[in-house]
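Chemist: Have a peek at protein.csv (CSV, C-alpha atoms).
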chain,number,residue,atom,x,y,z
C,904,MET,CA,54.5,132.5,216.2
C,905,LYS,CA,53.5,129.0,217.2
C,906,PRO,CA,55.9,127.2,219.6
C,907,ALA,CA,57.8,124.3,218.2
C,908,VAL,CA,56.8,120.7,219.0
C,909,HIS,CA,59.5,118.9,221.0
C,910,HIS,CA,57.6,115.8,222.2
C,911,TYR,CA,56.8,112.6,220.4
C,912,THR,CA,53.4,112.5,218.8
C,913,THR,CA,51.5,110.8,216.0
C,914,ASP,CA,49.6,114.0,215.3
C,915,VAL,CA,49.9,115.6,211.8
C,916,LEU,CA,52.5,118.4,212.1
C,917,ASP,CA,53.6,121.4,210.0
C,918,TRP,CA,57.2,122.2,209.4
C,919,ARG,CA,58.7,125.7,209.8
C,920,PRO,CA,62.0,126.3,207.9
C,921,PHE,CA,65.1,128.0,209.3
C,922,VAL,CA,66.2,129.1,205.8
C,923,THR,CA,64.1,130.8,203.1
C,924,PRO,CA,62.4,128.4,200.8
C,925,VAL,CA,62.9,128.8,197.0
C,926,LYS,CA,60.1,130.9,195.6
C,927,LEU,CA,58.3,128.8,192.9
C,928,GLU,CA,57.9,131.8,190.5
C,929,GLU,CA,61.7,132.4,190.8
C,930,ALA,CA,62.8,128.8,190.4
C,931,THR,CA,65.5,128.0,187.8
C,932,PRO,CA,64.9,125.3,185.1
C,933,ALA,CA,67.0,122.8,187.2
C,934,GLN,CA,64.9,123.6,190.3
C,935,ARG,CA,61.7,123.2,188.3
C,936,GLU,CA,62.8,119.8,187.0
C,937,ALA,CA,63.7,118.6,190.5
C,938,LEU,CA,60.4,119.8,192.0
C,939,LYS,CA,58.3,117.9,189.4
C,940,ILE,CA,59.2,114.5,190.7
C,941,THR,CA,58.0,115.0,194.2
C,942,PRO,CA,54.5,113.8,195.2
C,943,ALA,CA,51.9,115.4,192.9
C,944,ASN,CA,50.5,117.8,195.5
C,945,LYS,CA,48.9,121.0,194.3
C,946,LYS,CA,50.9,122.9,196.9
C,947,ILE,CA,54.6,122.1,197.2
C,948,SER,CA,55.6,122.0,200.8
C,949,ASP,CA,58.1,124.4,202.4
C,950,TYR,CA,60.3,121.5,203.1
C,951,VAL,CA,60.6,120.5,199.4
C,952,LEU,CA,61.1,124.2,198.5
C,953,VAL,CA,63.9,124.5,200.9
C,954,LEU,CA,65.6,121.4,199.4
C,955,ALA,CA,65.1,122.9,196.0
C,956,HIS,CA,68.1,125.1,196.9
C,957,ASP,CA,70.1,122.0,195.9
C,958,PRO,CA,68.2,120.7,192.9
C,959,GLU,CA,70.8,118.0,191.9
C,960,SER,CA,70.5,116.3,195.2
C,961,LEU,CA,66.7,116.6,195.4
C,962,LEU,CA,66.3,115.2,191.9
C,963,HIS,CA,67.9,111.9,192.9
C,964,ARG,CA,67.1,111.6,196.6
C,965,SER,CA,63.3,111.8,196.2
C,966,PRO,CA,63.1,108.6,194.0
C,967,LEU,CA,65.8,107.0,196.1
C,968,PHE,CA,63.7,107.5,199.2
C,969,ASN,CA,60.6,106.2,197.5
C,970,ALA,CA,62.4,103.1,196.2
C,971,ILE,CA,63.7,102.2,199.6
C,972,MET,CA,60.5,102.9,201.6
C,973,TYR,CA,57.9,101.6,199.1
C,974,GLY,CA,59.7,98.9,197.1
C,975,ARG,CA,57.4,95.9,196.4
C,976,ASP,CA,59.2,92.7,197.6
C,977,GLY,CA,61.5,92.2,200.5
C,978,LEU,CA,60.9,93.6,204.0
C,979,ASP,CA,57.3,94.4,204.8
C,980,ARG,CA,56.0,97.9,205.2
C,981,GLY,CA,55.9,97.8,209.0
C,982,GLY,CA,59.6,96.6,209.1
C,983,ARG,CA,60.7,99.5,206.9
C,984,GLU,CA,58.8,102.0,209.0
C,985,LEU,CA,60.2,100.6,212.2
C,986,GLY,CA,63.7,101.0,210.7
C,987,ALA,CA,62.8,104.6,209.9
C,988,ILE,CA,61.6,105.1,213.5
C,989,GLY,CA,64.8,103.7,215.0
C,990,SER,CA,67.0,106.1,213.1
C,991,SER,CA,64.6,109.0,213.8
C,992,ILE,CA,64.6,108.3,217.6
C,993,VAL,CA,68.5,108.3,217.6
C,994,ASN,CA,68.5,111.6,215.8
C,995,ARG,CA,65.4,113.0,217.5
C,996,CYS,CA,63.6,114.1,214.4
C,997,VAL,CA,60.2,114.7,216.0
C,998,TYR,CA,58.6,115.5,212.6
C,999,CYS,CA,60.0,112.3,211.0
C,1000,ILE,CA,58.8,110.2,213.9
C,1001,ALA,CA,55.3,111.6,213.8
C,1002,VAL,CA,54.9,110.7,210.1
C,1003,HIS,CA,56.4,107.3,210.3
C,1004,ALA,CA,54.9,106.3,213.6
C,1005,ARG,CA,51.5,107.0,211.9
C,1006,HIS,CA,52.5,104.9,208.9
C,1007,TYR,CA,53.7,102.1,211.1
C,1008,ASN,CA,50.5,102.1,213.1
C,1009,GLN,CA,48.4,102.1,209.9
C,1010,ALA,CA,50.5,99.3,208.3
C,1011,THR,CA,50.4,97.0,211.3
C,1012,LYS,CA,47.0,98.1,212.7
C,1013,THR,CA,48.7,98.3,216.2
C,1014,THR,CA,49.7,101.2,218.5
C,1015,ALA,CA,51.5,99.3,221.3
C,1016,VAL,CA,54.9,99.3,219.7
C,1017,VAL,CA,54.9,103.0,219.0
C,1018,GLU,CA,53.6,103.8,222.5
C,1019,GLU,CA,56.4,101.8,224.1
C,1020,ILE,CA,59.0,103.5,222.0
C,1021,PHE,CA,57.6,106.9,222.8
C,1022,ALA,CA,57.7,106.1,226.5
C,1023,LYS,CA,61.1,104.4,226.7
C,1024,GLU,CA,63.0,105.4,223.5
C,1025,LEU,CA,66.0,103.2,223.0
C,1026,ASP,CA,65.1,101.2,226.2
C,1027,ALA,CA,61.8,100.1,224.7
C,1028,THR,CA,60.9,96.4,225.3
C,1029,LEU,CA,59.1,95.1,222.2
C,1030,PRO,CA,58.0,91.7,220.8
C,1031,ASP,CA,61.0,89.7,219.6
C,1032,ARG,CA,60.9,90.4,215.9
C,1033,GLU,CA,60.2,94.1,216.4
C,1034,GLN,CA,62.9,94.3,219.1
C,1035,SER,CA,65.5,92.9,216.7
C,1036,ILE,CA,64.5,95.3,213.9
C,1037,PHE,CA,64.4,98.4,216.2
C,1038,ASP,CA,67.6,97.6,217.9
C,1039,PHE,CA,69.5,96.9,214.7
C,1040,SER,CA,68.2,100.2,213.2
C,1041,SER,CA,69.0,102.3,216.2
C,1042,LYS,CA,72.5,100.8,216.6
C,1043,LEU,CA,73.3,101.3,213.0
C,1044,SER,CA,72.1,104.9,213.3
C,1045,ALA,CA,74.3,105.7,216.3
C,1046,PHE,CA,77.5,107.8,215.9
C,1047,PRO,CA,79.6,106.0,215.1
C,1048,PRO,CA,77.5,103.1,213.7
C,1049,ALA,CA,77.4,100.4,216.5
C,1050,ALA,CA,75.4,97.5,215.1
C,1051,SER,CA,77.2,94.2,215.5
C,1052,ALA,CA,77.4,90.7,214.1
C,1053,ASP,CA,75.1,89.6,217.0
C,1054,ASP,CA,72.5,92.1,215.9
C,1055,VAL,CA,72.5,90.6,212.4
C,1056,ALA,CA,72.3,87.1,213.8
C,1057,ARG,CA,69.3,88.1,215.8
C,1058,LEU,CA,67.5,89.4,212.7
C,1059,ARG,CA,68.2,86.0,211.0
C,1060,ASP,CA,66.9,84.1,214.1
C,1061,LYS,CA,63.7,86.1,213.9
C,1062,GLY,CA,63.1,85.1,210.3
C,1063,LEU,CA,64.5,88.0,208.3
C,1064,THR,CA,66.0,86.9,205.0
C,1065,PRO,CA,69.2,88.5,203.7
C,1066,LEU,CA,67.1,90.6,201.3
C,1067,GLU,CA,64.9,91.8,204.1
C,1068,THR,CA,68.0,92.6,206.2
C,1069,LEU,CA,69.4,94.6,203.3
C,1070,ASP,CA,66.1,96.5,203.1
C,1071,LEU,CA,66.3,97.3,206.8
C,1072,ILE,CA,69.9,98.6,206.4
C,1073,LEU,CA,68.7,100.8,203.6
C,1074,SER,CA,65.6,102.1,205.5
C,1075,ALA,CA,67.7,103.0,208.6
C,1076,ALA,CA,70.4,104.6,206.4
C,1077,ILE,CA,68.1,106.7,204.2
C,1078,PHE,CA,66.4,108.0,207.4
C,1079,GLY,CA,69.7,109.1,208.8
C,1080,TRP,CA,69.8,111.2,205.7
C,1081,ALA,CA,66.2,112.5,206.0
C,1082,ASN,CA,66.7,113.2,209.7
C,1083,ARG,CA,69.7,115.3,209.0
C,1084,LEU,CA,67.7,117.5,206.6
C,1085,MET,CA,64.3,117.7,208.4
C,1086,HIS,CA,65.6,118.1,212.0
C,1087,THR,CA,68.4,120.6,211.1
C,1088,LEU,CA,66.8,122.9,208.4
C,1089,GLY,CA,63.6,123.6,210.3
C,1090,GLU,CA,61.3,122.5,213.1
C,1091,PRO,CA,57.9,120.9,213.6
C,1092,ILE,CA,54.9,123.0,214.7
C,1093,PRO,CA,51.3,122.1,215.3
C,1094,ALA,CA,49.3,121.8,212.1
C,1095,GLY,CA,46.7,124.3,211.0
Z,1476,MET,CA,80.2,101.1,188.5
Z,1477,THR,CA,77.6,102.0,191.1
Z,1478,MET,CA,77.5,98.6,192.7
Z,1479,ASP,CA,81.2,98.3,192.2
Z,1480,LEU,CA,81.9,101.3,194.4
Z,1481,ILE,CA,79.5,100.3,197.3
Z,1482,ALA,CA,80.7,96.6,197.1
Z,1483,SER,CA,84.3,97.7,197.0
Z,1484,LEU,CA,83.9,100.1,200.0
Z,1485,ALA,CA,82.1,97.3,201.9
Z,1486,GLY,CA,84.9,94.9,201.0
Z,1487,LEU,CA,82.6,92.3,199.4
Z,1488,ALA,CA,84.3,89.2,198.1
Z,1489,ALA,CA,84.2,88.7,194.3
Z,1490,ASP,CA,81.9,85.7,194.8
Z,1491,SER,CA,79.9,87.1,197.7
Z,1492,PRO,CA,76.2,86.3,197.6
Z,1493,LEU,CA,75.6,89.9,198.6
Z,1494,ARG,CA,76.4,91.0,195.1
Z,1495,ALA,CA,73.3,89.2,193.8
Z,1496,LEU,CA,71.3,90.9,196.6
Z,1497,LEU,CA,72.5,94.3,195.6
Z,1498,ALA,CA,71.7,93.5,192.0
Z,1499,ARG,CA,68.0,93.0,193.1
Z,1500,ARG,CA,68.2,96.5,194.4
Z,1501,GLU,CA,69.8,97.9,191.3
Z,1502,ASP,CA,67.5,100.9,191.1
Z,1503,ILE,CA,68.4,101.9,194.6
Z,1504,MET,CA,72.1,101.4,193.9
Z,1505,ASP,CA,71.9,103.5,190.8
Z,1506,LEU,CA,70.1,106.3,192.6
Z,1507,THR,CA,72.7,106.0,195.4
Z,1508,GLU,CA,75.5,106.6,192.8
Z,1509,LYS,CA,73.6,109.5,191.2
Z,1510,SER,CA,73.2,111.0,194.7
Z,1511,ARG,CA,76.9,110.6,195.4
Z,1512,GLN,CA,77.7,112.6,192.2
Z,1513,ALA,CA,75.1,115.2,193.1
Z,1514,VAL,CA,76.7,115.9,196.5
Z,1515,LEU,CA,80.4,115.3,195.8
Z,1516,THR,CA,80.8,116.6,192.2
Z,1517,PRO,CA,77.7,118.6,191.3
Z,1518,ALA,CA,77.5,120.5,188.1
Z,1519,ASP,CA,76.6,123.6,190.2
Z,1520,PRO,CA,78.7,123.4,193.3
Z,1521,GLY,CA,77.6,126.8,194.7
Z,1522,GLY,CA,80.0,128.0,197.3
Z,1523,LEU,CA,81.3,124.5,198.1
Z,1524,SER,CA,83.9,123.5,195.6
Z,1525,HIS,CA,84.5,119.8,194.7
Z,1526,THR,CA,87.7,119.9,196.7
Z,1527,VAL,CA,86.1,121.3,199.8
Z,1528,ARG,CA,83.3,118.7,199.5
Z,1529,ALA,CA,85.9,115.9,199.3
Z,1530,LEU,CA,87.7,117.4,202.3
Z,1531,ILE,CA,84.4,117.4,204.3
Z,1532,ALA,CA,84.0,113.8,203.3
Z,1533,VAL,CA,87.6,112.9,204.5
Z,1534,ARG,CA,86.9,114.5,207.9
Z,1535,ALA,CA,83.5,112.8,208.2
Z,1536,ALA,CA,85.0,109.4,207.4
Z,1537,GLU,CA,87.7,110.0,209.9
Z,1538,ARG,CA,85.1,110.9,212.6
Z,1539,LEU,CA,83.1,107.8,211.7
Z,1540,GLY,CA,86.2,105.7,212.2
Z,1541,ASP,CA,86.0,104.2,208.7
Z,1542,PRO,CA,89.6,104.1,207.2
Z,1543,VAL,CA,88.4,102.6,203.9
Z,1544,LEU,CA,85.9,105.4,203.3
Z,1545,ARG,CA,88.5,107.9,204.5
Z,1546,ASP,CA,91.1,106.6,202.0
Z,1547,HIS,CA,88.6,106.7,199.2
Z,1548,TYR,CA,87.8,110.4,199.9
Z,1549,PHE,CA,91.4,111.3,200.6
Z,1550,ASP,CA,92.3,110.1,197.1
Z,1551,GLN,CA,89.5,112.2,195.6
Z,1552,PHE,CA,90.5,115.2,197.7
Z,1553,SER,CA,94.2,115.0,197.0
Z,1554,HIS,CA,93.5,115.2,193.2
Z,1555,GLY,CA,91.3,118.3,193.7
Z,1556,GLU,CA,92.1,121.8,192.6
Z,1557,GLY,CA,93.6,123.7,195.5
Z,1558,ALA,CA,94.0,120.7,197.7
Z,1559,TYR,CA,97.6,121.6,198.6
Z,1560,ASP,CA,96.5,124.7,200.5
Z,1561,LEU,CA,93.9,122.8,202.5
Z,1562,ALA,CA,95.9,119.6,203.2
Z,1563,ASP,CA,96.4,120.3,207.0
Z,1564,LEU,CA,92.6,120.2,207.4
Z,1565,VAL,CA,92.2,116.5,206.6
Z,1566,ASP,CA,92.6,116.1,210.4
Z,1567,PRO,CA,89.1,116.8,211.7
Z,1568,ALA,CA,90.6,118.2,214.9
Z,1569,ARG,CA,92.0,121.1,212.9
Z,1570,ARG,CA,89.9,124.2,212.4
Z,1571,PRO,CA,90.4,126.6,209.5
Z,1572,ASP,CA,91.3,130.2,210.2
Z,1573,ASP,CA,88.8,131.4,207.6
Z,1574,PRO,CA,85.5,132.2,209.4
Z,1575,TRP,CA,83.3,131.1,206.5
Z,1576,LEU,CA,85.1,127.7,206.1
Z,1577,GLY,CA,85.2,127.4,209.9
Z,1578,ALA,CA,81.5,127.8,210.2
Z,1579,VAL,CA,80.9,125.3,207.4
Z,1580,PHE,CA,83.2,122.7,209.0
Z,1581,ASP,CA,81.8,123.1,212.4
Z,1582,HIS,CA,78.3,122.5,211.1
Z,1583,ALA,CA,79.4,119.5,209.0
Z,1584,ASP,CA,80.9,118.0,212.1
Z,1585,ARG,CA,77.7,118.5,214.0
Z,1586,LEU,CA,75.6,116.9,211.2
Z,1587,THR,CA,78.0,113.9,211.3
Z,1588,ARG,CA,78.3,113.4,215.0
Z,1589,GLN,CA,75.2,114.8,216.8
Z,1590,PRO,CA,72.4,116.0,214.5
Z,1591,ARG,CA,70.0,115.5,217.4
Z,1592,THR,CA,71.5,118.6,219.0
Z,1593,ALA,CA,70.9,120.9,216.0
Z,1594,ARG,CA,69.1,124.2,216.8
Z,1595,GLN,CA,68.0,127.2,214.8
Z,1596,SER,CA,70.9,129.1,216.3
Z,1597,ASP,CA,73.3,126.7,214.4
Z,1598,ILE,CA,71.7,127.9,211.1
Z,1599,GLU,CA,71.9,131.6,212.3
Z,1600,THR,CA,75.6,131.1,213.1
Z,1601,LEU,CA,76.2,129.9,209.5
Z,1602,GLN,CA,74.2,132.9,208.2
Z,1603,ARG,CA,76.2,135.4,210.3
Z,1604,ALA,CA,79.4,133.9,208.9
Z,1605,GLY,CA,78.1,134.7,205.4
Z,1606,VAL,CA,77.0,131.2,204.3
Z,1607,SER,CA,74.1,131.5,201.9
Z,1608,ASP,CA,70.8,129.6,202.4
Z,1609,ALA,CA,71.6,127.6,199.3
Z,1610,ASP,CA,75.0,126.6,200.6
Z,1611,ILE,CA,73.5,125.6,204.0
Z,1612,VAL,CA,71.1,123.2,202.1
Z,1613,ARG,CA,74.0,121.9,200.0
Z,1614,LEU,CA,76.1,121.2,203.1
Z,1615,ALA,CA,73.2,119.4,204.8
Z,1616,GLU,CA,72.7,117.2,201.7
Z,1617,LEU,CA,76.4,116.4,201.6
Z,1618,ALA,CA,76.8,115.6,205.3
Z,1619,ALA,CA,73.6,113.6,205.3
Z,1620,PHE,CA,74.6,111.6,202.2
Z,1621,LEU,CA,77.9,110.7,203.9
Z,1622,GLY,CA,76.1,109.3,206.9
Z,1623,TYR,CA,73.8,107.3,204.6
Z,1624,GLN,CA,76.7,105.9,202.6
Z,1625,ALA,CA,78.7,105.0,205.8
Z,1626,ARG,CA,75.8,103.1,207.3
Z,1627,LEU,CA,75.0,101.3,204.1
Z,1628,ILE,CA,78.5,99.9,203.8
Z,1629,SER,CA,78.7,99.3,207.6
Z,1630,GLY,CA,75.6,97.2,207.4
Z,1631,LEU,CA,76.9,95.3,204.3
Z,1632,ARG,CA,80.1,94.5,206.1
Z,1633,LEU,CA,78.2,93.0,209.0
Z,1634,MET,CA,76.1,90.8,206.5
Z,1635,GLU,CA,79.3,89.8,204.7
Z,1636,ALA,CA,80.9,88.7,208.0
Z,1637,ALA,CA,77.8,86.8,209.0
Z,1638,GLN,CA,77.9,84.5,206.0
In structure tokens, how does this file's structure come out?
Modeler:
Amino acid sequence: MKPAVHHYTTDVLDWRPFVTPVKLEEATPAQREALKITPANKKISDYVLVLAHDPESLLHRSPLFNAIMYGRDGLDRGGRELGAIGSSIVNRCVYCIAVHARHYNQATKTTAVVEEIFAKELDATLPDREQSIFDFSSKLSAFPPAASADDVARLRDKGLTPLETLDLILSAAIFGWANRLMHTLGEPIPAG
Amino acid sequence: MTMDLIASLAGLAADSPLRALLARREDIMDLTEKSRQAVLTPADPGGLSHTVRALIAVRAAERLGDPVLRDHYFDQFSHGEGAYDLADLVDPARRPDDPWLGAVFDHADRLTRQPRTARQSDIETLQRAGVSDADIVRLAELAAFLGYQARLISGLRLMEAAQ
């Protein structure tokens, strides 16, 4: 059995479940309906097949996740990904971080922000705008939520509109959800 | 209805400009409401009754230090079937005697407070207590939704106060 990955990486990882995934050939009609709306991969991932144990939640959370992360106007793609990374660092979801650090680097064509966060986690020193986004996201993701009026004021000072701030709240919040599934129902392993 | 619940939990004023912002994210608010129904009052609740789900929500809201959210879920819990016998457990410091429910509440608490510490052994503890894999996933979705909802309304309150 491959050892689990516990360090931060932007490598493509696989995910090994702690509970038995639903078997596609045994899926109920409700499970089949919920599985249809996930990305049109030929092979459905073990992660999605684990979530198919609760088809009502899966049916609505998948489009909710997509609407929050890939909506057209409002906060740019890099900002949403940075919100996702802030939450995922707080909750230490190594798999989530790998995926969304990759997305962040692709969207922004940079690697320095991700490298700094990997090295210093919540103590990372970032450019002003990125710092305000990362700090807001990680503080909102803390238990209990610890973002303050000052953190919101800093976002405004760095040029975020109210709509963009709402998008950031949503991105951090939906990742608190994703982290609590991915990091607790299984673990990341090297791909291949 | 959807936006009304989130706006009401966040304490938005009737004329708050945030209501127009939420309207621009109507699809997200609609899916948030459908998700709420899916985790709190699902058609197929499995081993987690609607009453137990509302009770888990009361305890989580108490842990999160959110009295508005706590009152919302307490109202839902207190109208639930069998609530009388579970009423002592609205205090998250109390642990049920029943091993199955005890394991479920312990894990819900971990998901609310410190998901970063989760290990495979936590899932094995649930399995040894007789909690099915499907109920383990249902519980994770419920606790994770509660964290999402609490942070959405917490963020909205900060925005409302900043205006």
Chemist: With 7 Å as the cut-off and all atoms listed in the file counted, what is the closest atom pair between each nearby residue of chain C and chain Z? Distances in Å to one decimal, ordered by chain and number, as JSON lines.
Modeler:
{"residue": "C:Phe921", "atom": "CA", "partner": "Z:Gln1595", "partner_atom": "CA", "distance": 6.3}
{"residue": "C:Val922", "atom": "CA", "partner": "Z:Asp1608", "partner_atom": "CA", "distance": 5.7}
{"residue": "C:Thr923", "atom": "CA", "partner": "Z:Asp1608", "partner_atom": "CA", "distance": 6.8}
{"residue": "C:Leu954", "atom": "CA", "partner": "Z:Val1612", "partner_atom": "CA", "distance": 6.4}
{"residue": "C:His956", "atom": "CA", "partner": "Z:Ala1609", "partner_atom": "CA", "distance": 4.9}
{"residue": "C:Asp957", "atom": "CA", "partner": "Z:Arg1613", "partner_atom": "CA", "distance": 5.7}
{"residue": "C:Glu959", "atom": "CA", "partner": "Z:Ala1513", "partner_atom": "CA", "distance": 5.3}
{"residue": "C:Ser960", "atom": "CA", "partner": "Z:Ala1513", "partner_atom": "CA", "distance": 5.2}
{"residue": "C:His963", "atom": "CA", "partner": "Z:Ser1510", "partner_atom": "CA", "distance": 5.7}
{"residue": "C:Arg964", "atom": "CA", "partner": "Z:Ser1510", "partner_atom": "CA", "distance": 6.4}
{"residue": "C:Leu967", "atom": "CA", "partner": "Z:Leu1506", "partner_atom": "CA", "distance": 5.6}
{"residue": "C:Ala970", "atom": "CA", "partner": "Z:Ile1503", "partner_atom": "CA", "distance": 6.3}
{"residue": "C:Ile971", "atom": "CA", "partner": "Z:Ile1503", "partner_atom": "CA", "distance": 6.9}
{"residue": "C:Asn994", "atom": "CA", "partner": "Z:Arg1591", "partner_atom": "CA", "distance": 4.5}
{"residue": "C:Arg995", "atom": "CA", "partner": "Z:Arg1591", "partner_atom": "CA", "distance": 5.2}
{"residue": "C:Leu1043", "atom": "CA", "partner": "Z:Arg1626", "partner_atom": "CA", "distance": 6.5}
{"residue": "C:Phe1046", "atom": "CA", "partner": "Z:Arg1588", "partner_atom": "CA", "distance": 5.7}
{"residue": "C:Pro1047", "atom": "CA", "partner": "Z:Leu1539", "partner_atom": "CA", "distance": 5.2}
{"residue": "C:Pro1048", "atom": "CA", "partner": "Z:Arg1626", "partner_atom": "CA", "distance": 6.6}
{"residue": "C:Ser1051", "atom": "CA", "partner": "Z:Leu1633", "partner_atom": "CA", "distance": 6.7}
{"residue": "C:Ala1052", "atom": "CA", "partner": "Z:Leu1633", "partner_atom": "CA", "distance": 5.7}
{"residue": "C:Val1055", "atom": "CA", "partner": "Z:Met1634", "partner_atom": "CA", "distance": 6.9}
{"residue": "C:Leu1066", "atom": "CA", "partner": "Z:Leu1496", "partner_atom": "CA", "distance": 6.3}
{"residue": "C:Ile1072", "atom": "CA", "partner": "Z:Gly1630", "partner_atom": "CA", "distance": 6.0}
{"residue": "C:Leu1073", "atom": "CA", "partner": "Z:Leu1627", "partner_atom": "CA", "distance": 6.3}
{"residue": "C:Ala1076", "atom": "CA", "partner": "Z:Tyr1623", "partner_atom": "CA", "distance": 4.7}
{"residue": "C:Ile1077", "atom": "CA", "partner": "Z:Tyr1623", "partner_atom": "CA", "distance": 5.7}
{"residue": "C:Gly1079", "atom": "CA", "partner": "Z:Tyr1623", "partner_atom": "CA", "distance": 6.1}
{"residue": "C:Trp1080", "atom": "CA", "partner": "Z:Ala1619", "partner_atom": "CA", "distance": 4.5}
{"residue": "C:Arg1083", "atom": "CA", "partner": "Z:Ala1619", "partner_atom": "CA", "distance": 5.6}
{"residue": "C:Leu1084", "atom": "CA", "partner": "Z:Ala1615", "partner_atom": "CA", "distance": 6.1}
{"residue": "C:Thr1087", "atom": "CA", "partner": "Z:Ala1593", "partner_atom": "CA", "distance": 5.5}
Chemist: Can you work out the spacing between atom CA of Thr1064 of chain C and atom CA of Ser965 of chain C in Å, to one decimal?
Modeler: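 Pair atom CA of Thr1064 of chain C / atom CA of Ser965 of chain C returns 26.5 Å.
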Chemist: What's around segment 1023-1035 of chain C at 7 Å? Count only C-alpha atoms, leave out sequence neighbours fewer than 4 positions away in its own chain, and write the answer as a short mmCIF file (atom, residue, chain, number, x, y, z; two decimals) with C-alpha atoms, in the frame of the given file.
Modeler:
data_model
loop_
_atom_site.label_atom_id
_atom_site.label_comp_id
_atom_site.auth_asym_id
_atom_site.auth_seq_id
_atom_site.Cartn_x
_atom_site.Cartn_y
_atom_site.Cartn_z
CA ILE C 992 64.60 108.30 217.60
CA VAL C 1016 54.90 99.30 219.70
CA GLU C 1019 56.40 101.80 224.10
CA PHE C 1039 69.50 96.90 214.70
CA ARG C 1057 69.30 88.10 215.80
CA LEU C 1058 67.50 89.40 212.70
CA LYS C 1061 63.70 86.10 213.90
#
Chemist: Would you compute the distance between atom CA of Ala907 of chain C and atom CA of Leu952 of chain C? Give it in Å to one decimal.
Modeler: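 Going from atom CA of Ala907 of chain C over to atom CA of Leu952 of chain C covers 20.0 Å.
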Chemist: Need to verify the contact set: segment 1533-1537 of chain Z, 8 Å, only C-alpha atoms, exclusion of same-chain residues closer than 6 positions in sequence. Can you return it as a count of residues only?
Modeler: 15
Chemist: As an exercise, work out the distance from atom CA of Ser1041 of chain C to atom CA of Ser990 of chain C in Å and give it to one decimal place.
Modeler: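 Between atom CA of Ser1041 of chain C and atom CA of Ser990 of chain C the gap is 5.3 Å.
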Chemist: With only C-alpha atoms as the atoms that count, which of C:Cys999, C:Asp1053, C:Pro1091, C:Asp979 lies nearest to Glu1067 of chain C?
Modeler: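 Using only C-alpha atoms, the shortest distance to Glu1067 of chain C belongs to C:Asp979.
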Chemist: Skip Gln1551 of chain Z itself and residues of its chain fewer than 3 positions away, then list as a PyMOL selection string all residues within 9 Å of it, counting only C-alpha atoms.
Modeler: chain Z and resi 1526+1529-1530+1546-1548+1554-1555
